[in-house]
Amino acid sequence: MKLSVLAALVTTLLITAELTAQRRGRGGQGGQGGPPGAPPTPSVTESQPATGKPKSHTAIVGGDVYLGTGQRMTGATVLVGDDKIIAVGHNLQLPEGTNIIDAKGKTISPGFVCVVGNGMGQGRGAPWIDSVNPFDPEIKQALAAGITSFLAGSPGSGPLPTGDTAVIKLDWGSVKGMVLSEGTVLGMSAQLNANDRERFQDLVKKVMSYRKALEEFPAKKAADANYKAPELPTGGESIMKILNGEAKLWVQLSSGGFNPFGGKRFGMSNDLAAIRDANAIATMLGVGVVMQKPMSAWLCADEIAATGSMVMISPRDRIPPDPSDPDRSGSNLATTAILATAGVPVAVTCPNGGYGGGAGVTTGGIMGQDLNTPHIDAAFTVRGGLDNRKALRTITIDAARVIGVDRRIGSLAPGKDADILILDGDPLHYRTFVQAAMVNGKVVYEKDKEPFYSHIQR
């Protein structure tokens, strides 16, 4: 299943054109990469078949493929083997017996990733697999909107990293397929009192010393049979997970109360101090953190980028500026574009709703039902100046990075989970409908067979 030399050349030319257009961006903005130290995103020409011998194959053929990374391929094929993507490209050699899905005239996209969600069969807590409900009707409703996975549970908000979280996949009818991971997100507060800050810093130093001692242990044990293995400091388990890249640390920024009318925050026009406290935590760890809804991030994007941190934000959140300093306070619709230009990955979510919406995508929310409109927040970033294809990253690959599962989901690439949408238009356009959704290589939603939108034909 290798691309022919001619097909590879055509693909390279197509992608070169795409990347040139991408660099021009929206309103003349340049292309953005990842944060400092992040691995480069593979180009489409590297989308070669994965190894292994799947039992079954499905090919989605002829659609315009948005990879979720800011790149697009016209009239391409996505080849799936069992529950994984095998290849993405043109003129792929399909195994005998491959199930063909004709997507000509349609758009192919990664499934949308919600960084905060509620319901949708999620379960009650660890071990999450014991309580997920793969037949929750909300699953089909979410799939109709393009959601294929979301973070459930509660990251901590105290002086040390804690939390009970899981990444849930909307694999209708499959308990086993619903829980992608557990514990990939931990949380803590950014603004600590002097005692808590000292305690945290001391614990981080002890854990770092432990990691170094652990690396040196085999050599020292070989030299001295009686040498004892180092012991992890009490309370250091969560910090060890963060340092080892096994969990993302979400940092909650202190703020005023929440306005029930649209998620605006009372008593706050500038949270720069909290953002800089979060940067200090990232510096202590030597690992980027995830800042939760930093309203003033547009004022210090380069500072956030310097720590390798990421941002989760609601573009629809609004706070008024301080009348005494309107140019250095309040919210900014261009925040995501400013952060992206600085190299900060951004994931978007809906505002906190005062009428049952809570803090994530659910059947409540200030728009009535945010479960039906996950792309709205990404579209708001376009209104704020972000290139359309890069805006798609905020609910695909960058959202997956924020919840620590970008190696599995968030983009269409060989070896990743086959969570794929077939749409009838641009992924972020308000008129676009999901025609079909695939999770773990299985078609779990078809528009014409479900009651939500089957009556709407164009």
# chains A, B, ... in the order shown; residues from 1 in each chain; ligands from 1
>>> residues_around(residues="segment 115-125 of chain A", least_positions_apart="6", cutoff="9 Å", atoms="only C-alpha atoms", output="VMD selection string")
chain A and resid 131 to 142 149 to 153 164 to 170 178 to 179 312 347 to 350 358 to 363 371 395 399 to 400 402 to 403
>>> write_last_selection(atoms="N, CA and C atoms", output="compact mmCIF listing (two decimals), in the first residue's frame")
# COMPACT_ATOMS: atom_id res chain seq x y z
N SER A 131 -18.84 2.62 35.05
CA SER A 131 -20.12 3.35 35.11
C SER A 131 -20.48 4.10 33.83
N VAL A 132 -19.68 3.97 32.77
CA VAL A 132 -20.07 4.63 31.52
C VAL A 132 -21.31 3.96 30.94
N ASN A 133 -22.09 4.75 30.21
CA ASN A 133 -23.32 4.25 29.60
C ASN A 133 -23.24 4.42 28.09
N PRO A 134 -22.90 3.37 27.34
CA PRO A 134 -22.72 3.50 25.90
C PRO A 134 -24.02 3.65 25.12
N PHE A 135 -25.16 3.63 25.83
CA PHE A 135 -26.45 3.80 25.16
C PHE A 135 -27.17 5.07 25.61
N ASP A 136 -26.43 6.00 26.22
CA ASP A 136 -27.01 7.28 26.60
C ASP A 136 -27.44 8.03 25.33
N PRO A 137 -28.71 8.47 25.23
CA PRO A 137 -29.17 9.19 24.03
C PRO A 137 -28.35 10.44 23.72
N GLU A 138 -27.74 11.04 24.76
CA GLU A 138 -26.92 12.23 24.51
C GLU A 138 -25.72 11.92 23.62
N ILE A 139 -25.29 10.67 23.58
CA ILE A 139 -24.15 10.30 22.74
C ILE A 139 -24.48 10.56 21.28
N LYS A 140 -25.64 10.11 20.84
CA LYS A 140 -26.04 10.33 19.45
C LYS A 140 -26.21 11.82 19.16
N GLN A 141 -26.75 12.55 20.12
CA GLN A 141 -26.92 13.99 19.93
C GLN A 141 -25.58 14.68 19.76
N ALA A 142 -24.60 14.27 20.55
CA ALA A 142 -23.27 14.84 20.45
C ALA A 142 -22.59 14.46 19.14
N SER A 149 -15.10 12.87 21.26
CA SER A 149 -14.44 12.63 22.55
C SER A 149 -14.45 13.90 23.38
N PHE A 150 -14.31 13.71 24.70
CA PHE A 150 -14.30 14.87 25.59
C PHE A 150 -13.66 14.49 26.92
N LEU A 151 -13.24 15.51 27.67
CA LEU A 151 -12.70 15.28 29.00
C LEU A 151 -13.83 15.35 30.02
N ALA A 152 -13.95 14.32 30.82
CA ALA A 152 -14.95 14.27 31.88
C ALA A 152 -14.25 14.30 33.23
N GLY A 153 -14.99 14.68 34.26
CA GLY A 153 -14.45 14.68 35.61
C GLY A 153 -14.03 16.05 36.08
N ASP A 164 -9.74 13.82 39.30
CA ASP A 164 -10.29 12.54 38.86
C ASP A 164 -10.90 12.80 37.49
N THR A 165 -10.16 12.49 36.44
CA THR A 165 -10.58 12.81 35.08
C THR A 165 -10.43 11.61 34.16
N ALA A 166 -11.16 11.64 33.06
CA ALA A 166 -11.04 10.61 32.03
C ALA A 166 -11.38 11.22 30.68
N VAL A 167 -10.75 10.71 29.64
CA VAL A 167 -11.12 11.09 28.28
C VAL A 167 -12.10 10.04 27.78
N ILE A 168 -13.31 10.50 27.50
CA ILE A 168 -14.40 9.62 27.08
C ILE A 168 -14.59 9.72 25.58
N LYS A 169 -14.72 8.56 24.93
CA LYS A 169 -15.01 8.53 23.50
C LYS A 169 -16.47 8.13 23.30
N LEU A 170 -17.11 8.72 22.31
CA LEU A 170 -18.53 8.47 22.07
C LEU A 170 -18.70 7.26 21.16
N MET A 178 -15.30 3.22 25.14
CA MET A 178 -15.64 4.56 25.60
C MET A 178 -14.54 5.25 26.39
N VAL A 179 -13.74 4.52 27.14
CA VAL A 179 -12.74 5.16 28.00
C VAL A 179 -11.38 5.10 27.31
N MET A 312 -6.54 27.04 27.51
CA MET A 312 -7.93 26.68 27.23
C MET A 312 -8.75 27.95 27.43
N ALA A 347 -6.97 25.57 22.94
CA ALA A 347 -8.20 24.80 22.79
C ALA A 347 -9.35 25.67 23.25
N VAL A 348 -10.49 25.55 22.57
CA VAL A 348 -11.63 26.38 22.93
C VAL A 348 -12.73 25.55 23.58
N THR A 349 -13.53 26.22 24.37
CA THR A 349 -14.71 25.60 24.97
C THR A 349 -15.77 26.67 25.11
N CYS A 350 -16.95 26.27 25.53
CA CYS A 350 -18.05 27.22 25.66
C CYS A 350 -17.94 27.98 26.98
N GLY A 358 -23.31 24.92 33.30
CA GLY A 358 -22.11 24.46 33.99
C GLY A 358 -20.85 24.99 33.33
N ALA A 359 -19.77 24.23 33.43
CA ALA A 359 -18.47 24.70 32.94
C ALA A 359 -18.01 23.93 31.71
N GLY A 360 -18.93 23.31 31.00
CA GLY A 360 -18.50 22.56 29.84
C GLY A 360 -19.62 22.33 28.86
N VAL A 361 -19.29 21.62 27.77
CA VAL A 361 -20.27 21.31 26.75
C VAL A 361 -21.28 20.33 27.31
N THR A 362 -22.55 20.69 27.26
CA THR A 362 -23.61 19.87 27.82
C THR A 362 -24.92 20.24 27.14
N THR A 363 -26.03 19.69 27.62
CA THR A 363 -27.32 20.01 27.00
C THR A 363 -27.89 21.32 27.50
N LEU A 371 -24.15 21.45 23.52
CA LEU A 371 -23.85 20.13 22.99
C LEU A 371 -24.05 20.09 21.47
N ILE A 395 -10.34 22.65 18.16
CA ILE A 395 -11.26 21.59 18.58
C ILE A 395 -10.81 20.23 18.04
N ALA A 399 -6.82 20.69 21.03
CA ALA A 399 -7.69 20.26 22.13
C ALA A 399 -7.22 18.92 22.68
N ALA A 400 -6.81 18.02 21.78
CA ALA A 400 -6.29 16.72 22.23
C ALA A 400 -5.00 16.88 23.02
N VAL A 402 -4.21 19.47 24.91
CA VAL A 402 -4.56 20.05 26.20
C VAL A 402 -5.03 18.98 27.19
N ILE A 403 -5.66 17.92 26.68
CA ILE A 403 -6.12 16.86 27.58
C ILE A 403 -5.19 15.64 27.56
>>> select_by_dssp(residues="segment 120-183 of chain A", states="helix (DSSP H, G or I)", output="list in words")
Trp128, Ile129, Asp130, Pro137, Glu138, Ile139, Lys140, Gln141, Ala142, Leu143, Ala144, Val175, Lys176, Gly177 and Met178 of chain A
>>> write_last_selection(atoms="N, CA and C atoms", output="PDB file, in the first residue's frame")
ATOM      1  N   TRP A 128     -13.605   4.633  35.602  1.00  0.00           N
ATOM      2  CA  TRP A 128     -14.681   5.165  34.775  1.00  0.00           C
ATOM      3  C   TRP A 128     -15.386   4.086  33.965  1.00  0.00           C
ATOM      4  N   ILE A 129     -14.665   3.079  33.573  1.00  0.00           N
ATOM      5  CA  ILE A 129     -15.266   2.047  32.729  1.00  0.00           C
ATOM      6  C   ILE A 129     -16.401   1.311  33.441  1.00  0.00           C
ATOM      7  N   ASP A 130     -16.412   1.376  34.770  1.00  0.00           N
ATOM      8  CA  ASP A 130     -17.444   0.672  35.528  1.00  0.00           C
ATOM      9  C   ASP A 130     -18.797   1.379  35.491  1.00  0.00           C
ATOM     10  N   PRO A 137     -28.709   8.468  25.230  1.00  0.00           N
ATOM     11  CA  PRO A 137     -29.166   9.185  24.029  1.00  0.00           C
ATOM     12  C   PRO A 137     -28.351  10.436  23.718  1.00  0.00           C
ATOM     13  N   GLU A 138     -27.740  11.041  24.758  1.00  0.00           N
ATOM     14  CA  GLU A 138     -26.920  12.228  24.510  1.00  0.00           C
ATOM     15  C   GLU A 138     -25.718  11.921  23.624  1.00  0.00           C
ATOM     16  N   ILE A 139     -25.289  10.666  23.585  1.00  0.00           N
ATOM     17  CA  ILE A 139     -24.146  10.298  22.743  1.00  0.00           C
ATOM     18  C   ILE A 139     -24.483  10.556  21.281  1.00  0.00           C
ATOM     19  N   LYS A 140     -25.645  10.107  20.843  1.00  0.00           N
ATOM     20  CA  LYS A 140     -26.044  10.325  19.455  1.00  0.00           C
ATOM     21  C   LYS A 140     -26.214  11.815  19.162  1.00  0.00           C
ATOM     22  N   GLN A 141     -26.746  12.552  20.117  1.00  0.00           N
ATOM     23  CA  GLN A 141     -26.922  13.987  19.931  1.00  0.00           C
ATOM     24  C   GLN A 141     -25.577  14.678  19.756  1.00  0.00           C
ATOM     25  N   ALA A 142     -24.601  14.266  20.551  1.00  0.00           N
ATOM     26  CA  ALA A 142     -23.268  14.844  20.451  1.00  0.00           C
ATOM     27  C   ALA A 142     -22.588  14.456  19.139  1.00  0.00           C
ATOM     28  N   LEU A 143     -22.747  13.211  18.731  1.00  0.00           N
ATOM     29  CA  LEU A 143     -22.167  12.769  17.467  1.00  0.00           C
ATOM     30  C   LEU A 143     -22.749  13.555  16.296  1.00  0.00           C
ATOM     31  N   ALA A 144     -24.030  13.886  16.380  1.00  0.00           N
ATOM     32  CA  ALA A 144     -24.670  14.675  15.326  1.00  0.00           C
ATOM     33  C   ALA A 144     -24.017  16.044  15.188  1.00  0.00           C
ATOM     34  N   VAL A 175     -18.887  -0.406  25.731  1.00  0.00           N
ATOM     35  CA  VAL A 175     -18.306   0.021  27.008  1.00  0.00           C
ATOM     36  C   VAL A 175     -16.792   0.100  26.899  1.00  0.00           C
ATOM     37  N   LYS A 176     -16.203  -0.925  26.330  1.00  0.00           N
ATOM     38  CA  LYS A 176     -14.754  -0.990  26.225  1.00  0.00           C
ATOM     39  C   LYS A 176     -14.193   0.170  25.417  1.00  0.00           C
ATOM     40  N   GLY A 177     -14.915   0.601  24.392  1.00  0.00           N
ATOM     41  CA  GLY A 177     -14.398   1.639  23.515  1.00  0.00           C
ATOM     42  C   GLY A 177     -14.595   3.046  24.025  1.00  0.00           C
ATOM     43  N   MET A 178     -15.304   3.217  25.141  1.00  0.00           N
ATOM     44  CA  MET A 178     -15.638   4.563  25.598  1.00  0.00           C
ATOM     45  C   MET A 178     -14.542   5.254  26.387  1.00  0.00           C
TER      46      MET A 178
END
>>> residues_around(residues="segment 218-234 of chain A", least_positions_apart="4", cutoff="10 Å", atoms="only C-alpha atoms", output="count of residues only")
12
>>> select_by_dssp(residues="segment 167-413 of chain A", states="strand (DSSP E or B)", output="ChimeraX atom specification")
/A:167-169,179-182,185-189,248-252,258,265,290-292,310-313,346-348,353,358,361
>>> atom_distance(atom1="atom CA of Ile397 of chain A", atom2="atom CA of Ser157 of chain A")
25.3 Å
>>> closest_residue(among="A:Gln435, A:Gln292, A:Cys300, A:Ile108", to="Ala342 of chain A", atoms="only C-alpha atoms")
A:Cys300
>>> closest_residue(among="A:Leu386, A:Met438, A:Ile338, A:Val405", to="Leu423 of chain A", atoms="only C-alpha atoms")
A:Met438
>>> residues_around(residues="segment 446-448 of chain A", least_positions_apart="3", cutoff="7 Å", atoms="only C-alpha atoms", output="PyMOL selection string")
chain A and resi 434-437+453-454
